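final-v7.cif (mmCIF, C-alpha atoms and all ligand atoms) appears below.
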```cif
data_protein
loop_
_atom_site.label_atom_id
_atom_site.label_comp_id
_atom_site.auth_asym_id
_atom_site.auth_seq_id
_atom_site.Cartn_x
_atom_site.Cartn_y
_atom_site.Cartn_z
CA MET A 1406 0.00 0.00 0.00
CA GLY A 1407 1.00 3.58 -0.44
CA GLN A 1408 4.64 4.31 -1.18
CA SER A 1409 5.78 0.92 -0.08
CA GLY A 1410 4.47 -0.37 -3.36
CA LYS A 1411 2.21 -3.35 -3.39
CA ALA A 1412 -0.78 -4.58 -1.50
CA ALA A 1413 -0.85 -8.16 -0.32
CA PRO A 1414 -0.60 -10.51 -3.29
CA GLY A 1415 -4.07 -10.84 -4.71
CA GLY A 1416 -5.40 -8.23 -2.31
CA PRO A 1417 -6.09 -8.57 1.40
CA ALA A 1418 -6.83 -12.27 1.22
CA THR A 1419 -7.66 -13.02 4.83
CA THR A 1420 -9.65 -9.86 5.44
CA PRO A 1421 -12.93 -9.84 3.56
CA ALA A 1422 -14.51 -6.43 3.80
CA GLY A 1423 -18.09 -6.06 4.98
CA PRO A 1424 -20.93 -5.66 2.48
CA ARG A 1425 -20.92 -1.87 2.24
CA SER A 1426 -17.14 -1.67 1.82
CA ARG A 1427 -17.32 -4.49 -0.71
CA ASP A 1428 -19.77 -2.68 -2.97
CA TRP A 1429 -17.79 0.52 -2.90
CA LEU A 1430 -14.53 -1.33 -3.52
CA ALA A 1431 -16.00 -2.88 -6.65
CA ARG A 1432 -16.76 0.64 -7.86
CA TYR A 1433 -13.27 1.76 -6.82
CA GLY A 1434 -11.77 -0.96 -8.98
CA LYS A 1435 -13.76 0.16 -12.00
CA ALA A 1436 -13.03 3.87 -11.62
CA HIS A 1437 -9.42 4.04 -10.40
CA MET A 1438 -6.22 3.28 -12.22
CA ASN A 1439 -4.72 0.31 -10.45
CA VAL A 1440 -1.52 1.69 -9.00
CA PHE A 1441 -2.17 1.05 -5.32
CA GLY A 1442 -3.73 -2.41 -5.53
CA LEU A 1443 -7.25 -2.77 -4.20
CA PRO A 1444 -7.52 -0.95 -0.85
CA ALA A 1445 -8.38 -3.15 2.10
CA ARG A 1446 -11.35 -1.13 3.35
CA VAL A 1447 -13.43 1.92 2.59
CA MET A 1448 -13.03 4.31 5.48
CA ASP A 1449 -15.70 6.65 6.70
CA HIS A 1450 -14.55 8.81 9.61
CA GLY A 1451 -11.97 9.07 12.34
CA GLN A 1452 -11.57 10.45 15.83
CA GLY A 1453 -8.29 10.73 17.69
CA VAL A 1454 -6.24 7.62 16.97
CA ARG A 1455 -9.20 5.60 15.66
CA ILE A 1456 -10.86 5.33 12.28
CA TRP A 1457 -14.11 3.59 11.27
CA ASP A 1458 -14.91 1.83 8.02
CA LEU A 1459 -18.22 1.93 6.17
CA ASP A 1460 -19.32 -1.29 7.83
CA GLY A 1461 -18.91 0.25 11.26
CA ASN A 1462 -15.69 -1.52 12.26
CA ALA A 1463 -13.26 0.53 14.37
CA TYR A 1464 -9.49 0.43 13.90
CA LEU A 1465 -6.68 1.67 16.09
CA ASP A 1466 -4.51 3.41 13.53
CA MET A 1467 -0.78 2.77 13.88
CA MET A 1468 -0.09 4.02 10.38
CA ALA A 1469 -1.69 7.49 10.47
CA GLY A 1470 -1.99 7.89 6.72
CA ILE A 1471 1.71 6.94 6.32
CA ALA A 1472 3.15 9.07 9.12
CA VAL A 1473 1.02 12.06 8.15
CA ASN A 1474 -1.80 12.50 10.67
CA ALA A 1475 0.32 13.93 13.48
CA LEU A 1476 -2.70 15.09 15.47
CA GLY A 1477 -4.81 12.04 14.64
CA TYR A 1478 -8.29 12.47 13.18
CA ALA A 1479 -10.59 15.45 13.69
CA HIS A 1480 -8.47 17.22 16.30
CA PRO A 1481 -10.65 20.14 17.49
CA ALA A 1482 -7.89 22.75 17.05
CA TRP A 1483 -7.13 21.52 13.52
CA ASN A 1484 -10.83 21.46 12.61
CA GLN A 1485 -11.25 24.98 13.94
CA ALA A 1486 -8.25 26.30 12.02
CA LEU A 1487 -9.57 24.64 8.87
CA ALA A 1488 -13.00 26.20 9.24
CA ASP A 1489 -11.63 29.65 10.15
CA GLN A 1490 -9.16 29.84 7.29
CA ALA A 1491 -11.51 28.28 4.73
CA SER A 1492 -14.08 30.93 5.54
CA ARG A 1493 -11.51 33.69 4.93
CA MET A 1494 -9.60 32.40 1.86
CA ALA A 1495 -8.15 29.04 0.88
CA HIS A 1496 -5.95 29.86 -2.09
CA ILE A 1497 -4.52 33.03 -3.58
CA SER A 1498 -1.40 31.97 -5.63
CA ASN A 1499 2.09 33.23 -4.98
CA TYR A 1500 1.31 36.59 -6.54
CA PHE A 1501 0.08 37.36 -3.03
CA ALA A 1502 1.16 36.53 0.49
CA SER A 1503 -0.85 35.66 3.58
CA ARG A 1504 -0.23 35.95 7.30
CA PRO A 1505 -0.36 32.19 7.98
CA GLN A 1506 2.21 31.55 5.23
CA ILE A 1507 4.64 34.10 6.68
CA GLU A 1508 4.11 32.89 10.24
CA LEU A 1509 4.63 29.26 9.25
CA ALA A 1510 7.89 30.02 7.43
CA GLU A 1511 9.13 31.91 10.51
CA ARG A 1512 8.09 29.04 12.76
CA LEU A 1513 9.88 26.46 10.61
CA LEU A 1514 13.08 28.51 10.67
CA SER A 1515 12.81 28.74 14.42
CA ILE A 1516 12.11 25.06 15.19
CA SER A 1517 14.84 23.90 12.81
CA GLY A 1518 17.38 26.16 14.53
CA ALA A 1519 18.43 27.38 11.08
CA PRO A 1520 21.05 30.17 11.20
CA GLU A 1521 20.30 33.81 10.45
CA GLY A 1522 19.74 34.29 6.72
CA SER A 1523 18.05 30.89 6.20
CA HIS A 1524 14.88 30.76 4.09
CA VAL A 1525 11.91 28.46 3.40
CA TYR A 1526 10.43 27.34 0.09
CA PHE A 1527 6.94 25.78 0.20
CA ALA A 1528 5.71 22.88 -1.95
CA ASN A 1529 2.70 20.55 -1.76
CA SER A 1530 4.22 17.11 -1.19
CA GLY A 1531 7.37 15.23 -0.38
CA THR A 1532 8.38 14.55 -3.93
CA GLU A 1533 7.97 18.23 -4.82
CA ALA A 1534 10.03 19.28 -1.82
CA ASN A 1535 12.83 17.04 -3.08
CA GLU A 1536 12.47 18.31 -6.66
CA ALA A 1537 13.15 21.79 -5.33
CA ALA A 1538 16.21 20.56 -3.45
CA LEU A 1539 17.52 18.67 -6.49
CA LYS A 1540 17.06 21.73 -8.71
CA LEU A 1541 18.86 23.93 -6.20
CA ALA A 1542 21.62 21.32 -5.93
CA ARG A 1543 21.93 21.24 -9.71
CA LEU A 1544 22.39 25.03 -9.89
CA HIS A 1545 24.97 24.79 -7.15
CA GLY A 1546 26.75 21.96 -8.98
CA ASN A 1547 26.78 23.83 -12.28
CA LYS A 1548 29.00 26.45 -10.67
CA LEU A 1549 31.54 24.01 -9.24
CA PRO A 1550 34.87 23.68 -11.04
CA HIS A 1551 34.86 20.56 -13.21
CA PRO A 1552 38.17 18.72 -13.67
CA ASN A 1553 37.55 17.61 -17.26
CA GLY A 1554 34.80 19.99 -18.21
CA THR A 1555 32.07 17.59 -19.35
CA GLY A 1556 28.89 16.18 -17.87
CA PRO A 1557 26.88 17.42 -14.90
CA ALA A 1558 28.11 17.61 -11.34
CA ARG A 1559 26.96 14.45 -9.63
CA ILE A 1560 24.28 14.06 -7.00
CA LEU A 1561 24.82 11.06 -4.74
CA ALA A 1562 21.91 9.13 -3.24
CA LEU A 1563 21.92 6.09 -0.98
CA THR A 1564 20.88 2.54 -1.62
CA ARG A 1565 17.50 1.84 0.06
CA GLY A 1566 16.68 5.56 -0.02
CA PHE A 1567 13.24 6.84 -0.97
CA HIS A 1568 12.65 10.40 -2.14
CA GLY A 1569 9.45 10.30 -4.18
CA ARG A 1570 7.85 9.33 -7.46
CA SER A 1571 8.26 12.30 -9.81
CA MET A 1572 11.09 11.99 -12.33
CA GLY A 1573 13.75 13.89 -10.38
CA SER A 1574 13.01 12.41 -6.97
CA LEU A 1575 12.48 9.00 -8.54
CA SER A 1576 15.97 9.24 -10.04
CA ALA A 1577 17.27 9.48 -6.46
CA THR A 1578 14.99 6.67 -5.22
CA TRP A 1579 16.81 3.41 -5.00
CA LYS A 1580 14.29 0.56 -5.25
CA PRO A 1581 14.95 -0.79 -8.74
CA THR A 1582 11.42 -2.15 -9.33
CA ILE A 1583 9.88 1.28 -8.96
CA ARG A 1584 12.67 3.24 -10.70
CA GLU A 1585 14.03 1.20 -13.57
CA PRO A 1586 10.88 0.89 -15.70
CA PHE A 1587 10.94 4.67 -16.10
CA ALA A 1588 14.42 4.96 -17.56
CA PRO A 1589 15.90 7.13 -18.94
CA LEU A 1590 15.87 9.12 -15.73
CA VAL A 1591 17.59 12.34 -14.70
CA PRO A 1592 21.29 12.07 -15.50
CA GLY A 1593 24.01 12.73 -12.96
CA LEU A 1594 22.46 10.77 -10.09
CA GLU A 1595 24.50 7.98 -8.59
CA PHE A 1596 23.82 5.44 -5.83
CA VAL A 1597 26.25 4.74 -3.04
CA PRO A 1598 25.81 1.86 -0.54
CA ALA A 1599 24.07 3.26 2.55
CA GLY A 1600 26.15 3.22 5.71
CA ASP A 1601 29.48 2.53 3.97
CA ALA A 1602 31.76 5.48 4.74
CA GLY A 1603 34.56 4.12 2.56
CA ALA A 1604 32.25 3.84 -0.45
CA MET A 1605 31.09 7.42 0.07
CA GLU A 1606 34.66 8.64 0.26
CA ALA A 1607 35.51 6.74 -2.92
CA ALA A 1608 32.48 8.21 -4.71
CA PHE A 1609 33.61 11.73 -3.81
CA ALA A 1610 37.19 10.97 -4.81
CA ASP A 1611 36.24 9.79 -8.30
CA GLU A 1612 36.57 13.29 -9.74
CA THR A 1613 37.09 12.11 -13.31
CA LYS A 1614 33.32 11.72 -13.28
CA GLY A 1615 32.85 15.31 -12.18
CA PRO A 1616 32.47 17.07 -8.85
CA VAL A 1617 29.77 16.15 -6.34
CA ALA A 1618 27.02 18.77 -6.11
CA ALA A 1619 25.09 17.14 -3.29
CA VAL A 1620 24.33 14.06 -1.27
CA ILE A 1621 20.66 13.37 -0.60
CA MET A 1622 19.76 11.07 2.27
CA GLU A 1623 17.21 10.16 4.93
CA LEU A 1624 18.57 9.77 8.47
CA ILE A 1625 16.04 6.98 9.02
CA GLN A 1626 15.33 5.24 5.74
CA GLY A 1627 11.58 5.04 6.12
CA GLU A 1628 10.10 3.37 3.08
CA SER A 1629 12.76 0.68 2.98
CA GLY A 1630 11.88 -0.48 6.48
CA VAL A 1631 12.63 2.28 9.02
CA ARG A 1632 16.41 1.85 9.04
CA PRO A 1633 18.33 4.44 11.05
CA LEU A 1634 21.75 5.35 9.66
CA ASP A 1635 24.79 5.21 11.89
CA PRO A 1636 25.53 8.67 13.36
CA ASP A 1637 29.29 8.35 12.71
CA TYR A 1638 28.51 7.62 9.09
CA VAL A 1639 26.25 10.68 8.84
CA ALA A 1640 28.94 12.85 10.43
CA SER A 1641 31.52 11.53 7.96
CA VAL A 1642 29.23 12.36 5.03
CA ARG A 1643 28.86 15.85 6.47
CA SER A 1644 32.65 16.37 6.54
CA LEU A 1645 33.01 15.09 2.98
CA CYS A 1646 30.33 17.55 1.86
CA ILE A 1647 32.09 20.43 3.60
CA ASP A 1648 35.50 19.46 2.14
CA HIS A 1649 34.11 19.20 -1.42
CA HIS A 1650 31.67 22.13 -1.38
CA ALA A 1651 28.81 19.66 -1.83
CA LEU A 1652 25.39 20.19 -0.29
CA MET A 1653 24.07 17.80 2.31
CA VAL A 1654 20.38 17.37 1.54
CA VAL A 1655 18.54 15.71 4.40
CA ASP A 1656 15.14 14.36 3.41
CA GLU A 1657 13.00 14.76 6.55
CA VAL A 1658 9.73 14.21 4.72
CA GLN A 1659 8.96 11.27 6.99
CA THR A 1660 11.15 11.96 10.02
CA GLY A 1661 10.33 15.65 10.46
CA MET A 1662 7.75 17.55 12.52
CA GLY A 1663 8.19 15.68 15.77
CA ARG A 1664 7.83 12.13 14.53
CA THR A 1665 11.13 10.96 15.99
CA GLY A 1666 10.70 12.87 19.25
CA TYR A 1667 12.63 15.88 17.94
CA TRP A 1668 11.27 18.54 15.61
CA PHE A 1669 13.70 17.16 13.04
CA ALA A 1670 15.71 13.95 13.10
CA PHE A 1671 18.97 15.80 12.46
CA GLN A 1672 18.55 17.39 15.90
CA ASP A 1673 18.91 13.95 17.46
CA PRO A 1674 22.67 13.35 17.80
CA THR A 1675 22.10 9.59 17.96
CA LEU A 1676 20.97 9.86 14.33
CA SER A 1677 22.96 12.73 12.87
CA GLY A 1678 26.19 12.58 14.86
CA GLY A 1679 25.77 16.33 15.23
CA ALA A 1680 25.61 17.00 11.48
CA ARG A 1681 23.24 19.64 10.20
CA PRO A 1682 21.84 19.80 6.69
CA ASP A 1683 22.43 22.43 4.02
CA LEU A 1684 18.99 21.72 2.63
CA LEU A 1685 16.21 20.06 4.61
CA THR A 1686 13.04 18.83 2.95
CA PHE A 1687 9.77 18.21 4.78
CA ALA A 1688 6.18 17.19 4.02
CA LYS A 1689 4.02 14.35 5.41
CA GLY A 1690 3.18 15.50 8.97
CA VAL A 1691 3.65 19.24 8.54
CA ALA A 1692 0.01 20.21 8.07
CA GLY A 1693 -1.49 17.30 10.02
CA GLY A 1694 -3.14 15.65 7.01
CA PHE A 1695 -3.45 18.51 4.54
CA PRO A 1696 -1.05 18.29 1.57
CA MET A 1697 2.00 20.44 2.14
CA GLY A 1698 5.76 20.17 1.84
CA GLY A 1699 8.79 22.33 1.45
CA MET A 1700 12.45 22.97 1.89
CA ILE A 1701 14.61 24.93 4.29
CA ALA A 1702 17.87 26.33 2.93
CA PHE A 1703 20.34 26.80 5.77
CA GLY A 1704 22.14 30.14 5.58
CA GLN A 1705 21.99 33.18 3.32
CA GLU A 1706 24.16 31.92 0.48
CA LEU A 1707 22.08 28.82 -0.29
CA SER A 1708 18.90 30.81 0.18
CA GLU A 1709 19.87 32.95 -2.80
CA VAL A 1710 20.68 30.21 -5.31
CA LEU A 1711 17.13 30.08 -6.67
CA THR A 1712 16.14 33.51 -7.98
CA PRO A 1713 12.77 34.89 -9.11
CA GLY A 1714 11.21 32.86 -11.90
CA MET A 1715 13.45 29.82 -11.49
CA HIS A 1716 11.04 27.64 -9.55
CA GLY A 1717 7.49 27.75 -8.27
CA SER A 1718 4.11 26.12 -7.82
CA THR A 1719 0.54 27.28 -8.18
CA PHE A 1720 -0.73 25.79 -4.93
CA ALA A 1721 2.34 25.92 -2.72
CA GLY A 1722 2.12 27.72 0.61
CA SER A 1723 -1.58 28.46 0.28
CA PRO A 1724 -3.24 30.22 3.22
CA LEU A 1725 -5.23 27.08 4.00
CA ALA A 1726 -2.27 24.68 3.97
CA SER A 1727 -0.22 27.21 5.94
CA ALA A 1728 -2.91 27.73 8.58
CA LEU A 1729 -3.06 23.96 9.04
CA GLY A 1730 0.73 23.82 9.24
CA LEU A 1731 0.70 26.47 11.92
CA VAL A 1732 -1.98 24.82 14.02
CA THR A 1733 -0.25 21.45 13.69
CA LEU A 1734 3.11 22.79 14.89
CA GLU A 1735 1.46 24.85 17.62
CA THR A 1736 -0.52 21.83 18.86
CA ILE A 1737 2.60 19.65 18.86
CA ARG A 1738 4.25 22.27 21.08
CA LYS A 1739 1.26 22.93 23.35
CA GLU A 1740 0.44 19.27 23.95
CA GLY A 1741 4.06 18.27 24.51
CA LEU A 1742 4.01 15.82 21.62
CA LEU A 1743 7.79 15.65 21.16
CA ALA A 1744 8.14 14.19 24.65
CA ASN A 1745 5.06 12.07 24.01
CA ALA A 1746 6.65 10.65 20.85
CA GLN A 1747 9.85 9.79 22.72
CA ALA A 1748 8.06 8.13 25.63
CA GLY A 1749 5.48 6.46 23.39
CA GLY A 1750 8.17 5.04 21.14
CA GLU A 1751 10.04 3.54 24.07
CA ARG A 1752 6.86 2.01 25.48
CA LEU A 1753 5.92 0.62 22.09
CA ARG A 1754 9.30 -0.94 21.26
CA GLN A 1755 9.66 -2.37 24.78
CA GLY A 1756 6.09 -3.67 24.73
CA ILE A 1757 6.61 -5.48 21.43
CA MET A 1758 9.74 -7.24 22.67
CA ASP A 1759 8.01 -8.14 25.94
CA THR A 1760 5.26 -9.99 24.05
CA ARG A 1761 7.81 -12.77 23.41
CA ASN A 1762 5.90 -13.54 20.23
CA PRO A 1763 8.44 -15.60 18.26
CA LEU A 1764 7.51 -13.67 15.13
CA TYR A 1765 9.12 -10.49 16.47
CA VAL A 1766 12.87 -10.73 16.29
CA GLY A 1767 13.72 -7.06 16.75
CA VAL A 1768 12.51 -3.47 16.88
CA ARG A 1769 14.11 -0.31 15.55
CA GLY A 1770 13.33 3.35 15.07
CA ARG A 1771 13.07 6.55 17.07
CA GLY A 1772 10.08 8.14 18.71
CA LEU A 1773 6.93 7.14 16.87
CA LEU A 1774 8.64 6.02 13.68
CA ASP A 1775 9.31 2.37 14.36
CA ALA A 1776 9.55 -1.01 12.72
CA VAL A 1777 9.23 -4.55 13.98
CA GLN A 1778 11.59 -7.00 12.32
CA LEU A 1779 9.78 -10.27 11.60
CA ALA A 1780 11.22 -13.76 11.70
CA HIS A 1781 10.22 -14.34 8.07
CA THR A 1782 8.51 -12.63 5.14
CA CYS A 1783 4.93 -12.45 6.40
CA SER A 1784 4.34 -8.71 6.76
CA HIS A 1785 1.31 -8.68 4.46
CA ALA A 1786 -0.33 -11.62 6.24
CA LEU A 1787 0.37 -9.90 9.53
CA ALA A 1788 -1.11 -6.57 8.40
CA SER A 1789 -4.19 -8.42 7.15
CA TRP A 1790 -4.61 -10.31 10.40
CA ALA A 1791 -4.19 -7.11 12.39
CA LEU A 1792 -6.78 -5.32 10.28
CA ASP A 1793 -9.24 -8.12 11.00
CA HIS A 1794 -8.54 -7.56 14.68
CA GLY A 1795 -9.02 -3.80 14.65
CA LEU A 1796 -5.43 -2.63 14.21
CA ILE A 1797 -3.82 -0.82 11.28
CA VAL A 1798 -0.12 -1.52 10.74
CA ASN A 1799 1.88 -1.08 7.56
CA ALA A 1800 3.73 -3.86 5.73
CA VAL A 1801 6.71 -1.65 4.94
CA ALA A 1802 9.03 -4.48 3.86
CA PRO A 1803 8.46 -8.19 3.22
CA ASP A 1804 9.87 -8.96 6.68
CA ALA A 1805 9.02 -5.80 8.65
CA ILE A 1806 6.01 -3.80 9.70
CA ARG A 1807 6.06 -0.06 10.30
CA LEU A 1808 4.37 1.57 13.28
CA ALA A 1809 3.87 5.33 12.89
CA PRO A 1810 0.77 6.29 14.86
CA PRO A 1811 -0.52 9.83 15.42
CA LEU A 1812 1.78 11.76 17.77
CA VAL A 1813 -1.17 12.26 20.13
CA ILE A 1814 -1.34 8.55 20.98
CA GLY A 1815 -1.42 7.83 24.71
CA PRO A 1816 -0.02 4.90 26.74
CA ASP A 1817 -3.35 3.01 26.87
CA ASP A 1818 -3.68 2.96 23.11
CA ILE A 1819 -0.06 1.89 22.73
CA ASP A 1820 -0.75 -0.96 25.16
CA GLN A 1821 -3.81 -1.94 23.17
CA ALA A 1822 -1.77 -2.07 19.95
CA VAL A 1823 0.87 -4.18 21.69
CA ASP A 1824 -1.84 -6.46 23.08
CA ILE A 1825 -3.29 -7.10 19.62
CA LEU A 1826 0.19 -7.66 18.20
CA SER A 1827 0.95 -10.11 21.01
CA GLN A 1828 -1.92 -12.28 19.78
CA VAL A 1829 -0.75 -12.53 16.17
CA PRO A 1830 -0.33 -16.27 15.49
CA GLY A 1831 3.35 -17.20 15.69
CA ASP A 1832 2.98 -19.51 12.68
CA LEU A 1833 1.72 -17.05 10.05
CA PRO A 1834 2.51 -18.31 6.56
CA ASP A 1835 4.96 -16.53 4.26
CA ASP A 1836 3.29 -14.02 1.95
C1 LIG B 1 6.86 9.82 1.62
C2 LIG B 1 8.24 10.25 1.31
C3 LIG B 1 8.54 11.03 0.18
C4 LIG B 1 7.51 11.35 -0.87
O1 LIG B 1 6.47 12.13 -0.39
P1 LIG B 1 5.14 12.31 -1.25
O2 LIG B 1 4.37 13.33 -0.49
O3 LIG B 1 4.49 10.98 -1.33
O4 LIG B 1 5.56 12.80 -2.59
C5 LIG B 1 9.83 11.48 0.03
N1 LIG B 1 10.78 11.18 0.92
C6 LIG B 1 10.54 10.45 2.01
C7 LIG B 1 11.64 10.18 2.98
C8 LIG B 1 9.27 9.95 2.25
O5 LIG B 1 9.04 9.19 3.32
#
```
structure tokens encoding of this file:
Amino acid sequence: MGQSGKAAPGGPATTPAGPRSRDWLARYGKAHMNVFGLPARVMDHGQGVRIWDLDGNAYLDMMAGIAVNALGYAHPAWNQALADQASRMAHISNYFASRPQIELAERLLSISGAPEGSHVYFANSGTEANEAALKLARLHGNKLPHPNGTGPARILALTRGFHGRSMGSLSATWKPTIREPFAPLVPGLEFVPAGDAGAMEAAFADETKGPVAAVIMELIQGESGVRPLDPDYVASVRSLCIDHHALMVVDEVQTGMGRTGYWFAFQDPTLSGGARPDLLTFAKGVAGGFPMGGMIAFGQELSEVLTPGMHGSTFAGSPLASALGLVTLETIRKEGLLANAQAGGERLRQGIMDTRNPLYVGVRGRGLLDAVQLAHTCSHALASWALDHGLIVNAVAPDAIRLAPPLVIGPDDIDQAVDILSQVPGDLPDD
């Protein structure tokens, strides 16, 4: 499902939907291009950390719309901000500015601790945020001295990285099955084995191929199974970037906005080794379920690489998206959701291991972006079983499930999720 690619083979085999969902799903299949597989259920409404399908079944949602619904469903402050802003103006284009847009940009600069002179660019999604970063990196690279004067400066991306589905971001997305059919892709992008400092150094050193304009990376590789990078590795990439005038682009589309227990993952030294990005991209959680994304350029110099007319978007930074961004960030602060994500994550990971279910061989992640490593490749069967038992989890890899609930989740709901997961049959078949 979603970015992770495919639904269970042949659809959610063990989870027949109720009659109302079934009828609507038949219509879905006739009307929608089949890129997501047949969805498992037709949902109707949500409240807090729960969502109900058309047949009246309730689900505890440990996926949150793929790490998007930071405040859960129908948070009163979010609903109020939506109604207030919608009744004033939703969209005006970037010929005009609005107060929420300006306030949100200021707030993002402040929570990211970006130095004086840093600036924000707004987009509408994760892939668009990364397109902006790749374009900026390309302009930067075009100005670097080139030893033999041909070809573009290179942009390095990591194996197992995910940056989006549009042509530029897709060119930096590793998974061959989703990238290769669309060749030829954007030239000048190269993959380097994630976590291998020597390989990164060698890639930088290979100057016959041209200088390195940028490295793009996630600090926790989300779509490939919630895999945190080693902080020493991240720090070593940072020094290589500094030495070679390359930009370090940190894709915080999934990890940002409090998900890992920090506003941004790079602020957690156990992930970043103290490194800070040159360009940071964000999306998913920023507006609590409304489409929004963007980029922060750290410092004045990088903030001036893109000049008027070079990049843009009709919808980006609309008053409505911005108002929802503001209320989401303000609610995260007011309700102490960074601390809640840290404590919740610890309770969740500990709880899973304490179940002693033989299926669960390990946990990883930070805050409320976590994965459970399974003993074998049964993640789709597990997600199906869980759905039947009122729990939404995401089959992020063949042998891992992702848990990324709303940041508002409390200890009782975490315990309920753990309780359901403890009952998953230890002898689930391979998918
Ligand atoms: C989800 C994701 C994207 C793509 O975001 P979209 O909004 O789906 O375009 C990019 N990078 C990372 C790390 C993501 O998790």
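Of the listed residues (A:Leu1742, A:Leu1707, A:Cys1646, A:Val1801), A:Leu1707 comes nearest to Leu1684 (chain A); the distances count only C-alpha atoms.
Rounded to one decimal, CA of Tyr1526 (chain A) and CA of Ile1471 (chain A) lie 23.0 Å from each other.
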Q: Could you report the residues within 7 Å of ligand LIG 1 (chain B), using all atoms listed in the file, as a ChimeraX atom specification?
A: /A:1408,1530-1533,1567-1570,1623,1626-1628,1656-1659,1688-1689
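Taking CA of Ala1748 (chain A) and CA of Gly1772 (chain A) as endpoints, the distance between them is 7.2 Å.
Shortest separation to Pro1810 (chain A) among A:Ser1576, A:Asn1474, A:Thr1719, A:Asn1462 occurs at residue A:Asn1474, atoms counted being all atoms listed in the file.
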Q: Please provide as an NGL selection string all residues within 9 Å of Ala1746 (chain A), with the sequence filter that same-chain residues fewer than 6 positions apart are discarded (counting only C-alpha atoms).
A: :A and (1663-1667 or 1771-1774 or 1812-1814)
Q: Show which residues sit within 12 Å of Asp1817 (chain A), as a PyMOL selection string. Count all atoms listed in the file, and ignore same-chain residues fewer than 3 positions away.
A: chain A and resi 1454+1465+1749+1752-1753+1756+1813-1814+1820-1824
Closest pair table for region 1670-1752 of chain A residues within 6 Å of region 1630-1641 of chain A, only C-alpha atoms, as JSON lines:
```
{"residue": "A:Thr1675", "atom": "CA", "partner": "A:Pro1636", "partner_atom": "CA", "distance": 5.8}
{"residue": "A:Leu1676", "atom": "CA", "partner": "A:Pro1636", "partner_atom": "CA", "distance": 4.8}
{"residue": "A:Ser1677", "atom": "CA", "partner": "A:Pro1636", "partner_atom": "CA", "distance": 4.8}
{"residue": "A:Gly1678", "atom": "CA", "partner": "A:Pro1636", "partner_atom": "CA", "distance": 4.2}
{"residue": "A:Ala1680", "atom": "CA", "partner": "A:Ala1640", "partner_atom": "CA", "distance": 5.4}
```
Write the residues of the selection above to a file with C-alpha atoms, as an mmCIF file, keeping the file's coordinate frame.
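Contents of part_6.cif, freshly written:
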```
data_model
loop_
_atom_site.group_PDB
_atom_site.id
_atom_site.type_symbol
_atom_site.label_atom_id
_atom_site.label_comp_id
_atom_site.auth_asym_id
_atom_site.auth_seq_id
_atom_site.Cartn_x
_atom_site.Cartn_y
_atom_site.Cartn_z
ATOM 1 C CA THR A 1675 22.100 9.590 17.960
ATOM 2 C CA LEU A 1676 20.970 9.860 14.330
ATOM 3 C CA SER A 1677 22.960 12.730 12.870
ATOM 4 C CA GLY A 1678 26.190 12.580 14.860
ATOM 5 C CA ALA A 1680 25.610 17.000 11.480
#
```
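By only C-alpha atoms, and with residues fewer than 4 positions from Ala1726 (chain A) along its chain excluded, the set lying at most 8 Å from it is Ala1495, Ala1692, Phe1695, Pro1696, Met1697, Gly1722 and Gly1730 of chain A.
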**Q.** Protein, DNA and RNA residues within 8 Å of (11.9, -13.2, 12.2), all atoms listed in the file, as a count of residues only
**A.** 11
Give me the residues within 9 Å of region 1595-1612 of chain A as a PDB file with C-alpha atoms, in the frame of the given file, counting only C-alpha atoms and dropping any in the same chain fewer than 3 places off.
```pdb
ATOM      1  CA  HIS A1551      34.860  20.560 -13.210  1.00  0.00           C
ATOM      2  CA  PRO A1552      38.170  18.720 -13.670  1.00  0.00           C
ATOM      3  CA  ASN A1553      37.550  17.610 -17.260  1.00  0.00           C
ATOM      4  CA  ARG A1559      26.960  14.450  -9.630  1.00  0.00           C
ATOM      5  CA  ILE A1560      24.280  14.060  -7.000  1.00  0.00           C
ATOM      6  CA  LEU A1561      24.820  11.060  -4.740  1.00  0.00           C
ATOM      7  CA  ALA A1562      21.910   9.130  -3.240  1.00  0.00           C
ATOM      8  CA  LEU A1563      21.920   6.090  -0.980  1.00  0.00           C
ATOM      9  CA  THR A1564      20.880   2.540  -1.620  1.00  0.00           C
ATOM     10  CA  ARG A1565      17.500   1.840   0.060  1.00  0.00           C
ATOM     11  CA  GLY A1566      16.680   5.560  -0.020  1.00  0.00           C
ATOM     12  CA  SER A1576      15.970   9.240 -10.040  1.00  0.00           C
ATOM     13  CA  ALA A1577      17.270   9.480  -6.460  1.00  0.00           C
ATOM     14  CA  THR A1578      14.990   6.670  -5.220  1.00  0.00           C
ATOM     15  CA  TRP A1579      16.810   3.410  -5.000  1.00  0.00           C
ATOM     16  CA  PRO A1592      21.290  12.070 -15.500  1.00  0.00           C
ATOM     17  CA  GLY A1615      32.850  15.310 -12.180  1.00  0.00           C
ATOM     18  CA  PRO A1616      32.470  17.070  -8.850  1.00  0.00           C
ATOM     19  CA  VAL A1617      29.770  16.150  -6.340  1.00  0.00           C
ATOM     20  CA  MET A1622      19.760  11.070   2.270  1.00  0.00           C
ATOM     21  CA  LEU A1634      21.750   5.350   9.660  1.00  0.00           C
ATOM     22  CA  ASP A1635      24.790   5.210  11.890  1.00  0.00           C
ATOM     23  CA  ASP A1637      29.290   8.350  12.710  1.00  0.00           C
ATOM     24  CA  TYR A1638      28.510   7.620   9.090  1.00  0.00           C
ATOM     25  CA  VAL A1639      26.250  10.680   8.840  1.00  0.00           C
ATOM     26  CA  SER A1641      31.520  11.530   7.960  1.00  0.00           C
ATOM     27  CA  VAL A1642      29.230  12.360   5.030  1.00  0.00           C
ATOM     28  CA  LEU A1645      33.010  15.090   2.980  1.00  0.00           C
ATOM     29  CA  CYS A1646      30.330  17.550   1.860  1.00  0.00           C
ATOM     30  CA  HIS A1649      34.110  19.200  -1.420  1.00  0.00           C
TER      31      HIS A1649
END
```
